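Below is entry09.cif, holding mmCIF, C-alpha atoms.
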data_start
loop_
_atom_site.label_atom_id
_atom_site.label_comp_id
_atom_site.auth_asym_id
_atom_site.auth_seq_id
_atom_site.Cartn_x
_atom_site.Cartn_y
_atom_site.Cartn_z
CA MET M 122 0.00 0.00 0.00
CA LYS M 123 2.83 2.37 0.94
CA LYS M 124 4.61 1.53 -2.31
CA THR M 125 1.45 2.31 -4.32
CA LEU M 126 1.03 5.65 -2.54
CA MET M 127 4.68 6.48 -3.14
CA ILE M 128 4.35 5.76 -6.87
CA ALA M 129 1.19 7.87 -7.10
CA THR M 130 2.90 10.72 -5.19
CA LEU M 131 5.95 10.58 -7.46
CA ALA M 132 3.72 10.59 -10.57
CA ALA M 133 1.78 13.59 -9.28
CA THR M 134 5.02 15.39 -8.44
CA ALA M 135 6.41 14.70 -11.91
CA LEU M 136 3.21 15.95 -13.52
CA GLY M 137 3.31 19.10 -11.41
CA ALA M 138 6.91 19.67 -12.41
CA GLN M 139 6.00 19.39 -16.08
CA PHE M 140 3.43 22.15 -15.68
CA ALA M 141 5.72 24.25 -13.51
CA THR M 142 8.60 24.30 -16.02
CA ALA M 143 6.92 27.02 -18.05
CA ALA M 144 3.74 29.01 -17.76
CA ARG M 145 1.11 28.94 -20.52
CA ASP M 146 -2.00 31.05 -20.21
CA TYR M 147 -3.75 29.95 -23.41
CA ILE M 148 -5.20 26.70 -24.78
CA SER M 149 -3.13 24.94 -27.44
CA VAL M 150 -5.06 23.03 -30.12
CA VAL M 151 -3.57 21.05 -33.02
CA GLY M 152 -4.88 18.54 -35.55
CA SER M 153 -7.32 18.16 -38.44
CA SER M 154 -7.46 20.75 -41.21
CA THR M 155 -11.16 19.84 -41.63
CA VAL M 156 -12.02 20.61 -38.00
CA TYR M 157 -9.71 23.67 -37.99
CA PRO M 158 -12.32 26.23 -39.24
CA PHE M 159 -14.91 25.03 -36.72
CA SER M 160 -12.37 25.08 -33.88
CA THR M 161 -11.20 28.53 -34.96
CA VAL M 162 -14.66 30.12 -34.90
CA VAL M 163 -15.32 28.64 -31.43
CA ALA M 164 -11.93 29.93 -30.23
CA GLU M 165 -12.61 33.43 -31.56
CA ARG M 166 -16.04 33.63 -29.89
CA PHE M 167 -14.60 32.19 -26.69
CA GLY M 168 -11.82 34.80 -26.67
CA LYS M 169 -14.28 37.66 -27.18
CA SER M 170 -16.93 36.51 -24.70
CA THR M 171 -14.68 35.54 -21.77
CA ASN M 172 -11.67 36.91 -19.92
CA TYR M 173 -9.49 34.05 -21.20
CA LYS M 174 -7.02 34.37 -24.05
CA THR M 175 -8.13 33.16 -27.48
CA PRO M 176 -6.94 29.55 -27.92
CA LYS M 177 -4.15 28.96 -30.42
CA ILE M 178 -5.35 26.64 -33.21
CA GLU M 179 -2.86 24.93 -35.54
CA SER M 180 -3.70 22.86 -38.61
CA THR M 181 -1.33 19.88 -38.59
CA GLY M 182 -3.53 17.14 -40.05
CA THR M 183 -5.22 14.48 -37.94
CA GLY M 184 -2.27 12.10 -37.87
CA GLY M 185 0.23 14.87 -37.16
CA GLY M 186 -1.99 16.21 -34.39
CA MET M 187 -2.23 12.80 -32.74
CA LYS M 188 1.57 12.48 -32.69
CA LEU M 189 1.93 15.89 -31.01
CA PHE M 190 -0.95 15.29 -28.60
CA CYS M 191 0.35 11.88 -27.52
CA GLN M 192 3.90 13.04 -26.78
CA GLY M 193 3.07 13.67 -23.14
CA VAL M 194 1.39 15.92 -20.57
CA GLY M 195 2.62 19.35 -19.56
CA VAL M 196 2.71 22.82 -21.10
CA ALA M 197 5.20 21.81 -23.80
CA ASN M 198 2.46 19.64 -25.34
CA PRO M 199 -0.94 20.49 -26.89
CA ASP M 200 -4.05 20.38 -24.72
CA ILE M 201 -6.46 19.33 -27.48
CA THR M 202 -6.21 17.68 -30.88
CA ASN M 203 -8.86 17.90 -33.59
CA ALA M 204 -9.58 14.82 -35.70
CA SER M 205 -11.60 14.05 -38.82
CA ARG M 206 -11.76 10.39 -37.82
CA ARG M 207 -11.80 8.48 -34.53
CA ILE M 208 -8.49 7.98 -32.74
CA LYS M 209 -6.79 4.72 -33.82
CA SER M 210 -6.03 2.04 -31.23
CA SER M 211 -2.31 2.43 -32.03
CA GLU M 212 -2.53 6.18 -31.30
CA PHE M 213 -4.44 5.56 -28.08
CA GLU M 214 -1.73 3.10 -27.00
CA MET M 215 0.97 5.65 -27.88
CA CYS M 216 -0.79 8.20 -25.66
CA GLN M 217 -1.03 5.71 -22.78
CA LYS M 218 2.65 4.78 -23.12
CA ASN M 219 3.65 8.45 -22.93
CA GLY M 220 1.54 9.21 -19.85
CA VAL M 221 -1.49 10.72 -21.62
CA ARG M 222 -3.87 8.35 -19.89
CA ASP M 223 -7.09 10.28 -19.25
CA ILE M 224 -8.49 11.43 -22.59
CA ILE M 225 -11.91 12.93 -23.18
CA GLU M 226 -13.36 12.11 -26.60
CA VAL M 227 -15.75 14.74 -28.00
CA LEU M 228 -17.84 13.93 -31.08
CA ILE M 229 -18.91 17.29 -32.51
CA GLY M 230 -20.77 16.56 -35.75
CA TYR M 231 -20.47 15.14 -39.25
CA ASP M 232 -18.87 16.14 -42.51
CA GLY M 233 -19.05 14.84 -46.07
CA ILE M 234 -15.99 14.13 -48.18
CA VAL M 235 -16.39 15.82 -51.53
CA ILE M 236 -14.85 14.91 -54.86
CA GLY M 237 -15.14 18.25 -56.62
CA ASN M 238 -13.95 20.33 -59.53
CA SER M 239 -14.09 23.85 -60.92
CA VAL M 240 -17.56 25.33 -61.47
CA GLU M 241 -16.36 26.07 -65.02
CA SER M 242 -16.20 22.32 -65.75
CA PRO M 243 -19.00 19.75 -66.21
CA GLN M 244 -20.32 18.33 -62.94
CA LEU M 245 -19.57 14.60 -62.74
CA ASP M 246 -21.76 11.78 -61.42
CA LEU M 247 -19.46 9.02 -60.19
CA THR M 248 -20.00 5.74 -58.40
CA LEU M 249 -17.84 4.46 -55.57
CA LYS M 250 -16.74 1.62 -57.86
CA GLU M 251 -15.56 4.12 -60.48
CA LEU M 252 -13.57 6.01 -57.83
CA PHE M 253 -11.95 2.74 -56.73
CA LEU M 254 -11.06 1.82 -60.32
CA ALA M 255 -9.64 5.30 -60.91
CA LEU M 256 -7.47 5.56 -57.80
CA ALA M 257 -6.59 2.11 -56.42
CA ALA M 258 -3.07 0.77 -56.92
CA GLU M 259 -4.39 -2.61 -58.05
CA VAL M 260 -7.73 -3.33 -59.71
CA PRO M 261 -9.53 -6.36 -61.14
CA ASN M 262 -8.13 -7.54 -64.45
CA PRO M 263 -10.16 -5.92 -67.29
CA ASP M 264 -10.29 -9.36 -68.96
CA GLY M 265 -12.92 -10.35 -66.37
CA SER M 266 -10.83 -12.90 -64.50
CA GLU M 267 -10.70 -12.88 -60.70
CA THR M 268 -7.14 -11.55 -60.65
CA LEU M 269 -5.60 -8.21 -59.79
CA VAL M 270 -3.41 -6.09 -62.05
CA LYS M 271 -1.54 -2.81 -61.67
CA ASN M 272 -4.08 -0.05 -62.38
CA PRO M 273 -4.14 0.42 -66.19
CA TYR M 274 -6.74 3.22 -66.35
CA LYS M 275 -5.52 6.57 -67.68
CA THR M 276 -8.78 8.44 -68.41
CA TRP M 277 -12.27 8.49 -66.88
CA LYS M 278 -13.62 7.26 -70.23
CA ASP M 279 -11.44 4.14 -69.90
CA ILE M 280 -13.48 3.24 -66.81
CA ASN M 281 -16.92 4.19 -68.11
CA PRO M 282 -17.55 5.28 -71.72
CA THR M 283 -20.20 7.78 -70.55
CA LEU M 284 -17.60 9.72 -68.51
CA PRO M 285 -15.43 12.48 -70.05
CA ASN M 286 -12.29 11.61 -72.00
CA TYR M 287 -10.21 13.44 -69.39
CA LYS M 288 -6.96 12.23 -67.90
CA ILE M 289 -7.52 10.98 -64.34
CA GLU M 290 -6.07 13.71 -62.11
CA VAL M 291 -7.22 13.82 -58.49
CA LEU M 292 -5.66 16.21 -55.98
CA GLY M 293 -5.86 14.80 -52.48
CA PRO M 294 -4.49 15.04 -48.96
CA PRO M 295 -1.35 13.28 -47.66
CA PRO M 296 -1.31 10.10 -45.54
CA THR M 297 -1.23 12.14 -42.30
CA SER M 298 -4.69 13.54 -43.08
CA GLY M 299 -7.88 12.21 -41.53
CA THR M 300 -9.65 13.14 -44.77
CA ARG M 301 -7.30 10.78 -46.63
CA ASP M 302 -7.97 7.98 -44.11
CA ALA M 303 -11.71 8.45 -44.35
CA PHE M 304 -11.68 8.68 -48.16
CA GLN M 305 -9.76 5.42 -48.40
CA GLU M 306 -12.13 3.67 -45.99
CA LEU M 307 -15.47 5.08 -47.17
CA ALA M 308 -14.98 5.75 -50.88
CA LEU M 309 -12.27 3.36 -52.06
CA GLU M 310 -13.22 0.43 -49.84
CA GLY M 311 -16.89 1.13 -50.48
CA GLY M 312 -16.26 0.85 -54.23
CA CYS M 313 -13.97 -2.14 -53.78
CA ASP M 314 -16.68 -4.03 -51.90
CA SER M 315 -19.04 -3.67 -54.85
CA ILE M 316 -16.86 -6.36 -56.49
CA ALA M 317 -18.10 -9.60 -54.91
CA TRP M 318 -14.93 -11.72 -55.11
CA ILE M 319 -12.81 -8.96 -53.52
CA LYS M 320 -15.41 -8.34 -50.81
CA ALA M 321 -15.20 -12.08 -49.98
CA LEU M 322 -11.55 -11.55 -48.98
CA LYS M 323 -12.85 -9.91 -45.78
CA ASP M 324 -13.61 -13.40 -44.50
CA SER M 325 -10.65 -15.30 -45.95
CA ASP M 326 -7.82 -12.72 -45.71
CA LYS M 327 -8.72 -9.48 -43.92
CA ASP M 328 -5.24 -7.94 -44.31
CA LEU M 329 -5.16 -8.57 -48.05
CA HIS M 330 -8.67 -7.15 -48.40
CA LYS M 331 -7.62 -3.95 -46.64
CA LYS M 332 -4.44 -3.66 -48.71
CA VAL M 333 -6.28 -4.12 -52.02
CA CYS M 334 -9.19 -1.85 -51.13
CA ARG M 335 -7.34 1.05 -49.49
CA THR M 336 -3.97 1.33 -51.25
CA VAL M 337 -3.87 4.45 -53.44
CA ARG M 338 -2.00 4.30 -56.74
CA GLU M 339 1.35 6.11 -56.95
CA ASP M 340 1.84 6.31 -60.71
CA GLY M 341 0.55 9.84 -61.24
CA PRO M 342 -3.28 10.09 -61.31
CA PHE M 343 -3.47 10.72 -57.54
CA ILE M 344 -1.56 13.88 -56.66
CA GLU M 345 -0.77 14.71 -53.04
CA ALA M 346 -1.62 18.38 -52.52
CA GLY M 347 -0.85 18.84 -48.81
CA GLU M 348 -3.17 19.79 -45.96
CA ASN M 349 -4.06 23.20 -47.41
CA ASP M 350 -7.51 23.03 -49.01
CA ASN M 351 -7.13 26.58 -50.35
CA LEU M 352 -4.21 25.36 -52.44
CA ILE M 353 -6.40 22.62 -53.92
CA VAL M 354 -8.98 25.22 -54.97
CA GLN M 355 -6.29 27.28 -56.71
CA LYS M 356 -5.08 24.19 -58.57
CA LEU M 357 -8.62 23.21 -59.60
CA ASN M 358 -9.14 26.69 -61.03
CA ALA M 359 -5.85 26.38 -62.93
CA ASN M 360 -6.61 22.85 -64.19
CA LYS M 361 -10.29 22.67 -65.08
CA ARG M 362 -10.17 18.92 -65.77
CA ALA M 363 -8.74 17.92 -62.41
CA LEU M 364 -10.74 16.79 -59.37
CA GLY M 365 -9.97 17.46 -55.72
CA ILE M 366 -10.82 15.76 -52.42
CA PHE M 367 -11.90 17.93 -49.47
CA GLY M 368 -14.51 18.29 -46.74
CA PHE M 369 -18.08 19.44 -47.42
CA SER M 370 -17.63 22.43 -45.13
CA PHE M 371 -14.88 23.69 -47.43
CA LEU M 372 -17.11 23.24 -50.48
CA ASP M 373 -19.87 25.08 -48.64
CA GLN M 374 -17.57 28.06 -48.08
CA ASN M 375 -16.24 28.09 -51.69
CA SER M 376 -19.31 27.22 -53.77
CA ASP M 377 -18.60 30.16 -56.10
CA LYS M 378 -15.38 28.43 -57.26
CA ILE M 379 -15.88 24.68 -56.85
CA GLN M 380 -18.69 22.15 -57.18
CA GLY M 381 -19.10 18.68 -55.75
CA SER M 382 -19.49 15.61 -57.94
CA LEU M 383 -22.59 13.50 -57.40
CA ILE M 384 -21.86 10.08 -55.91
CA GLY M 385 -24.32 7.47 -57.15
CA GLY M 386 -26.67 10.28 -58.14
CA ASN M 387 -26.55 11.92 -54.69
CA PRO M 388 -25.19 15.48 -54.43
CA PRO M 389 -23.00 16.48 -51.46
CA GLU M 390 -25.47 18.71 -49.63
CA PHE M 391 -26.33 19.44 -46.01
CA GLU M 392 -29.52 17.37 -46.18
CA THR M 393 -28.05 14.35 -48.02
CA ILE M 394 -25.14 14.08 -45.60
CA ALA M 395 -27.47 14.45 -42.61
CA ASP M 396 -29.86 11.73 -43.82
CA GLY M 397 -27.08 9.38 -44.98
CA SER M 398 -28.02 9.24 -48.67
CA TYR M 399 -24.68 10.80 -49.62
CA PRO M 400 -22.38 7.80 -49.04
CA VAL M 401 -19.05 9.46 -48.23
CA SER M 402 -19.55 11.09 -44.82
CA ARG M 403 -17.64 10.79 -41.53
CA PRO M 404 -17.77 11.93 -37.90
CA LEU M 405 -15.63 14.80 -36.57
CA TYR M 406 -13.98 14.78 -33.13
CA PHE M 407 -11.60 16.47 -30.79
CA TYR M 408 -9.64 14.90 -27.94
CA VAL M 409 -8.78 16.55 -24.63
CA LYS M 410 -6.10 15.87 -22.00
CA LYS M 411 -8.01 15.63 -18.73
CA ASP M 412 -4.77 16.28 -16.80
CA HIS M 413 -4.61 19.78 -18.34
CA ILE M 414 -8.07 20.81 -17.15
CA GLY M 415 -7.75 23.01 -14.08
CA THR M 416 -4.13 23.81 -14.94
CA ILE M 417 -4.39 25.45 -18.37
CA PRO M 418 -6.77 28.42 -17.91
CA GLY M 419 -10.19 28.22 -19.53
CA MET M 420 -10.20 24.65 -20.77
CA GLN M 421 -13.45 23.55 -19.17
CA GLU M 422 -15.12 26.78 -20.31
CA TYR M 423 -13.86 26.25 -23.89
CA LEU M 424 -15.29 22.71 -23.89
CA ALA M 425 -18.60 24.06 -22.60
CA GLU M 426 -18.71 26.66 -25.40
CA PHE M 427 -17.92 24.10 -28.12
CA THR M 428 -20.64 21.71 -26.91
CA SER M 429 -23.27 24.39 -26.25
CA GLU M 430 -26.49 24.43 -28.27
CA ALA M 431 -25.46 27.86 -29.55
CA ALA M 432 -22.38 26.28 -31.15
CA PHE M 433 -22.96 22.64 -32.15
CA GLY M 434 -26.75 22.63 -31.87
CA GLU M 435 -29.12 22.09 -34.79
CA GLU M 436 -29.34 25.84 -35.38
CA GLY M 437 -25.90 26.60 -33.96
CA TYR M 438 -23.25 28.80 -35.51
CA LEU M 439 -21.12 25.79 -36.51
CA SER M 440 -23.89 24.52 -38.81
CA GLU M 441 -23.70 27.89 -40.54
CA LYS M 442 -20.06 27.07 -41.27
CA GLY M 443 -21.04 23.77 -42.91
CA MET M 444 -20.85 21.26 -40.06
CA ILE M 445 -23.68 18.70 -40.00
CA PRO M 446 -25.09 18.64 -36.42
CA LEU M 447 -25.55 15.50 -34.34
CA GLY M 448 -29.07 14.37 -33.50
CA ASP M 449 -30.68 15.66 -30.28
CA ALA M 450 -30.00 12.52 -28.22
CA GLU M 451 -26.41 12.29 -29.46
CA ARG M 452 -25.72 15.93 -28.65
CA ALA M 453 -27.14 15.53 -25.14
CA LYS M 454 -24.92 12.49 -24.56
CA VAL M 455 -21.80 14.33 -25.74
CA ALA M 456 -22.58 17.45 -23.72
CA ASN M 457 -23.06 15.33 -20.58
CA ALA M 458 -19.76 13.48 -21.15
CA VAL M 459 -17.98 16.83 -21.45
CA LYS M 460 -19.71 18.31 -18.41
CA THR M 461 -18.78 15.29 -16.25
CA LEU M 462 -15.29 14.99 -17.85
CA GLN M 463 -15.73 11.32 -18.75
CA SER M 464 -12.51 9.63 -19.86
CA MET M 465 -12.75 7.47 -22.97
CA SER M 466 -11.79 3.82 -23.43
CA MET M 467 -11.05 1.93 -26.63
#
Translate this structure into structure tokens?
Amino acid sequence: MKKTLMIATLAATALGAQFATAARDYISVVGSSTVYPFSTVVAERFGKSTNYKTPKIESTGTGGGMKLFCQGVGVANPDITNASRRIKSSEFEMCQKNGVRDIIEVLIGYDGIVIGNSVESPQLDLTLKELFLALAAEVPNPDGSETLVKNPYKTWKDINPTLPNYKIEVLGPPPTSGTRDAFQELALEGGCDSIAWIKALKDSDKDLHKKVCRTVREDGPFIEAGENDNLIVQKLNANKRALGIFGFSFLDQNSDKIQGSLIGGNPPEFETIADGSYPVSRPLYFYVKKDHIGTIPGMQEYLAEFTSEAAFGEEGYLSEKGMIPLGDAERAKVANAVKTLQSMSM
């Protein structure tokens, strides 16, 4: 018993020392470029309506944010990380290993992943299968046999004769991006699973199924364009035949320059994402270090602002920015978890 108390005392002392090494009087937030605009507007309102400093928000990508967040506790490390997908078990384990043991998971809403192009180009109607055939590293042999070959498709017309005779050029986020993770899972794997013999691999060889369905080709048609969605818009305006991958909220804010492709006949719109008819949508989160609450000024108040009805409610200001709100029961559950500071488990 004494030994246990001694270990707990030493841990508490070490944690206190980490916070005492340098003072920080503002909240530090890193992570997803998709959640960044929502987090920023909450931070700005929080800074203006309270006596706390405006939180510092950095766009590092979901994966990059998780690495920073999980490095440890103390003022040298971020307090919160935004994420456009749920934390992976490997990331959660990394956090635990580095002493970030009490984490509060906050689901804030939903977002659609858009495959869009310049408004000066024809609007496309694509299927998930066509997206898989356009962007996967390996695809079913065009001869009809149940074998895989290196992706031979060069134009959209090669895949479907009703599509334009344009070279396949898709600007997308890097591997550190939650948007990239979600696109691979929802769009590519969704299209992959429309091919029965590949879908059957889920039962016989799960690892091979994942590799086939989620590996993006590296021979030119998929072009990594970084975490900056504004840069993708500039490139789409410069290359009218190219497509780009980005969140619905970004499309919503730039509808004068870019348009979303239909997926299976469904347009990327607020209503279609909310009702699930648009097939490429994902949840948005942020993660909080419980150890920092009460030490970094204003954290609990910031969480309360973000999960208030005025912010993430059905008619809240975040929906005006393009975020799709949670349902009433879901929002109440999230708000209660934040209020009671419930730690997550995997």
Listing only residues of region 354-441 of chain M within 12 Å of region 215-218 of chain M, what is the closest atom pair and its distance in Å (to one decimal) for each, using only C-alpha atoms, sorted by chain and residue number ascending, as JSON lines?
{"residue": "M:Tyr408", "atom": "CA", "partner": "M:Cys216", "partner_atom": "CA", "distance": 11.3}
{"residue": "M:Val409", "atom": "CA", "partner": "M:Cys216", "partner_atom": "CA", "distance": 11.6}
{"residue": "M:Lys410", "atom": "CA", "partner": "M:Cys216", "partner_atom": "CA", "distance": 10.0}
Between M:Thr393, M:Ser239, M:Ser153, M:Gln244, which has the minimum distance to Thr183 (chain M) (counting only C-alpha atoms)?
-> M:Ser153
Answer as a PyMOL selection string, residues within 12 Å of (-12.8, -11.6, -52.7) using all atoms listed in the file = chain M and resi 260-261+267-269+313-331+333-334
Atom-to-atom span, CA of Glu179 (chain M) and CA of Gly368 (chain M), Å =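 These atoms are spaced 17.5 Å apart.
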Shell of 10 Å around Pro273 (chain M), all atoms listed in the file, local chain residues under 2 positions omitted, as an NGL selection string | :M and (254-255 or 258-260 or 262-263 or 270-271 or 275-276 or 279-280)
So, counting all atoms listed in the file, which residue among M:Gly168, M:Gly448, M:Pro418, M:Gly434 is closest to Asp146 (chain M)?
->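 Using all atoms listed in the file, Asp146 (chain M) sits closest to M:Pro418.
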Given the file shown, enumerate the residues that the PyMOL selection byres ((chain M and resi 162) around 12) captures and present them as an mmCIF file with C-alpha atoms, in the frame of the given file.
data_model
loop_
_atom_site.group_PDB
_atom_site.id
_atom_site.type_symbol
_atom_site.label_atom_id
_atom_site.label_comp_id
_atom_site.auth_asym_id
_atom_site.auth_seq_id
_atom_site.Cartn_x
_atom_site.Cartn_y
_atom_site.Cartn_z
ATOM 1 C CA VAL M 156 -12.020 20.610 -38.000
ATOM 2 C CA TYR M 157 -9.710 23.670 -37.990
ATOM 3 C CA PRO M 158 -12.320 26.230 -39.240
ATOM 4 C CA PHE M 159 -14.910 25.030 -36.720
ATOM 5 C CA SER M 160 -12.370 25.080 -33.880
ATOM 6 C CA THR M 161 -11.200 28.530 -34.960
ATOM 7 C CA VAL M 163 -15.320 28.640 -31.430
ATOM 8 C CA ALA M 164 -11.930 29.930 -30.230
ATOM 9 C CA GLU M 165 -12.610 33.430 -31.560
ATOM 10 C CA ARG M 166 -16.040 33.630 -29.890
ATOM 11 C CA PHE M 167 -14.600 32.190 -26.690
ATOM 12 C CA GLY M 168 -11.820 34.800 -26.670
ATOM 13 C CA LYS M 169 -14.280 37.660 -27.180
ATOM 14 C CA THR M 175 -8.130 33.160 -27.480
ATOM 15 C CA PRO M 176 -6.940 29.550 -27.920
ATOM 16 C CA LYS M 177 -4.150 28.960 -30.420
ATOM 17 C CA ILE M 178 -5.350 26.640 -33.210
ATOM 18 C CA TYR M 423 -13.860 26.250 -23.890
ATOM 19 C CA GLU M 426 -18.710 26.660 -25.400
ATOM 20 C CA PHE M 427 -17.920 24.100 -28.120
ATOM 21 C CA ALA M 432 -22.380 26.280 -31.150
ATOM 22 C CA PHE M 433 -22.960 22.640 -32.150
ATOM 23 C CA GLY M 437 -25.900 26.600 -33.960
ATOM 24 C CA TYR M 438 -23.250 28.800 -35.510
ATOM 25 C CA LEU M 439 -21.120 25.790 -36.510
ATOM 26 C CA SER M 440 -23.890 24.520 -38.810
ATOM 27 C CA GLU M 441 -23.700 27.890 -40.540
ATOM 28 C CA LYS M 442 -20.060 27.070 -41.270
ATOM 29 C CA MET M 444 -20.850 21.260 -40.060
#
Using the chain letters and numbers from the file, which residues does the PyMOL selection byres ((chain M and resi 242) around 12) grab, as a list in words?
->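 Given this file, the PyMOL selection byres ((chain M and resi 242) around 12) evaluates to Gly237, Asn238, Ser239, Val240, Glu241, Pro243, Gln244, Leu245, Pro285, Tyr287, Leu357, Asn358, Ala359, Asn360, Lys361, Arg362, Ala363, Leu364, Lys378, Ile379, Gln380, Gly381 and Ser382 of chain M.
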Got a sec to resolve the PyMOL selection byres ((chain M and resi 396) around 12) on this structure and send the residues as a ChimeraX atom specification?
-> /M:231-233,387,389-395,397-402,445-448
Just give me the gap between CA of His413 (chain M) and CA of Ser154 (chain M) in Å, one decimal is fine.
->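 A separation of 23.1 Å between them.
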As a check of understanding: the span from CA of Gln421 (chain M) to CA of Leu228 (chain M) is 15.9 Å
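Using only C-alpha atoms, the nearest neighbour of Ile366 (chain M) within the list M:Arg338, M:Arg206, M:Lys454, M:Arg301 is M:Arg301.
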Selection: 10 Å around Thr155 (chain M), all atoms listed in the file, excl. self and same-chain fewer than 4 positions, as a PyMOL selection string = chain M and resi 159-160+180+182-183+203-205+232+234+298-300+348-350+367-371+405+444
Go through M:Gly365, M:Pro282, M:Gly152, M:Gly230 one by one, measure the shortest atom-to-atom distance of each to Phe304 (chain M) using only C-alpha atoms, and give the residue with the smallest value.
-> M:Gly365
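The environment of region 305-309 of chain M within 6 Å, counting only C-alpha atoms and disregarding residues fewer than 6 places along the same chain, consists of M:Leu249, M:Phe253, M:Arg335, M:Val401.
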Shortest interatomic distance to Gln355 (chain M) - which of M:Leu292, M:Pro342, M:Tyr147, M:Asp246, counting only C-alpha atoms |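 Looking at the shortest contact to Gln355 (chain M), the residue is M:Leu292.
Using only C-alpha atoms for every distance, the candidate list M:Val291, M:Val194, M:Leu462, M:Val151 yields M:Val291 as the residue closest to Asp340 (chain M).
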Compile the contact shell of Ala453 (chain M) as a PyMOL selection string: residues with an atom at most 12 Å away, counting all atoms listed in the file, same-chain residues fewer than 2 positions apart removed.
-> chain M and resi 227-229+428-430+433-435+446-451+455-460
Nearby residues (all atoms listed in the file) at most 7 Å from Glu345 (chain M), same-chain spacing under 4 positions excluded, as number ranges by chain | M: 292-295
For region 341-354 of chain M, supply N, CA and C atoms and report the output as a PDB file, keeping the file's coordinate frame.
ATOM      1  N   GLY M 341       0.849   8.534 -60.650  1.00  0.00           N
ATOM      2  CA  GLY M 341       0.550   9.840 -61.240  1.00  0.00           C
ATOM      3  C   GLY M 341      -0.862  10.367 -61.126  1.00  0.00           C
ATOM      4  N   PRO M 342      -1.918   9.555 -61.356  1.00  0.00           N
ATOM      5  CA  PRO M 342      -3.280  10.090 -61.310  1.00  0.00           C
ATOM      6  C   PRO M 342      -3.693  10.682 -59.963  1.00  0.00           C
ATOM      7  N   PHE M 343      -3.194  10.119 -58.843  1.00  0.00           N
ATOM      8  CA  PHE M 343      -3.470  10.720 -57.540  1.00  0.00           C
ATOM      9  C   PHE M 343      -2.292  11.618 -57.178  1.00  0.00           C
ATOM     10  N   ILE M 344      -2.605  12.884 -56.909  1.00  0.00           N
ATOM     11  CA  ILE M 344      -1.560  13.880 -56.660  1.00  0.00           C
ATOM     12  C   ILE M 344      -1.708  14.420 -55.246  1.00  0.00           C
ATOM     13  N   GLU M 345      -0.724  14.178 -54.399  1.00  0.00           N
ATOM     14  CA  GLU M 345      -0.770  14.710 -53.040  1.00  0.00           C
ATOM     15  C   GLU M 345      -0.628  16.226 -53.071  1.00  0.00           C
ATOM     16  N   ALA M 346      -1.597  16.923 -52.456  1.00  0.00           N
ATOM     17  CA  ALA M 346      -1.620  18.380 -52.520  1.00  0.00           C
ATOM     18  C   ALA M 346      -1.491  19.029 -51.142  1.00  0.00           C
ATOM     19  N   GLY M 347      -1.041  18.267 -50.136  1.00  0.00           N
ATOM     20  CA  GLY M 347      -0.850  18.840 -48.810  1.00  0.00           C
ATOM     21  C   GLY M 347      -2.146  18.985 -48.040  1.00  0.00           C
ATOM     22  N   GLU M 348      -2.021  19.611 -46.867  1.00  0.00           N
ATOM     23  CA  GLU M 348      -3.170  19.790 -45.960  1.00  0.00           C
ATOM     24  C   GLU M 348      -3.964  21.060 -46.260  1.00  0.00           C
ATOM     25  N   ASN M 349      -3.451  21.894 -47.174  1.00  0.00           N
ATOM     26  CA  ASN M 349      -4.060  23.200 -47.410  1.00  0.00           C
ATOM     27  C   ASN M 349      -5.151  23.110 -48.482  1.00  0.00           C
ATOM     28  N   ASP M 350      -6.406  23.131 -48.057  1.00  0.00           N
ATOM     29  CA  ASP M 350      -7.510  23.030 -49.010  1.00  0.00           C
ATOM     30  C   ASP M 350      -7.572  24.229 -49.952  1.00  0.00           C
ATOM     31  N   ASN M 351      -7.138  25.394 -49.483  1.00  0.00           N
ATOM     32  CA  ASN M 351      -7.130  26.580 -50.350  1.00  0.00           C
ATOM     33  C   ASN M 351      -6.237  26.370 -51.562  1.00  0.00           C
ATOM     34  N   LEU M 352      -5.136  25.656 -51.355  1.00  0.00           N
ATOM     35  CA  LEU M 352      -4.210  25.360 -52.440  1.00  0.00           C
ATOM     36  C   LEU M 352      -4.870  24.457 -53.474  1.00  0.00           C
ATOM     37  N   ILE M 353      -5.681  23.493 -52.999  1.00  0.00           N
ATOM     38  CA  ILE M 353      -6.400  22.620 -53.920  1.00  0.00           C
ATOM     39  C   ILE M 353      -7.358  23.415 -54.789  1.00  0.00           C
ATOM     40  N   VAL M 354      -8.049  24.378 -54.201  1.00  0.00           N
ATOM     41  CA  VAL M 354      -8.980  25.220 -54.970  1.00  0.00           C
ATOM     42  C   VAL M 354      -8.240  25.984 -56.063  1.00  0.00           C
TER      43      VAL M 354
END
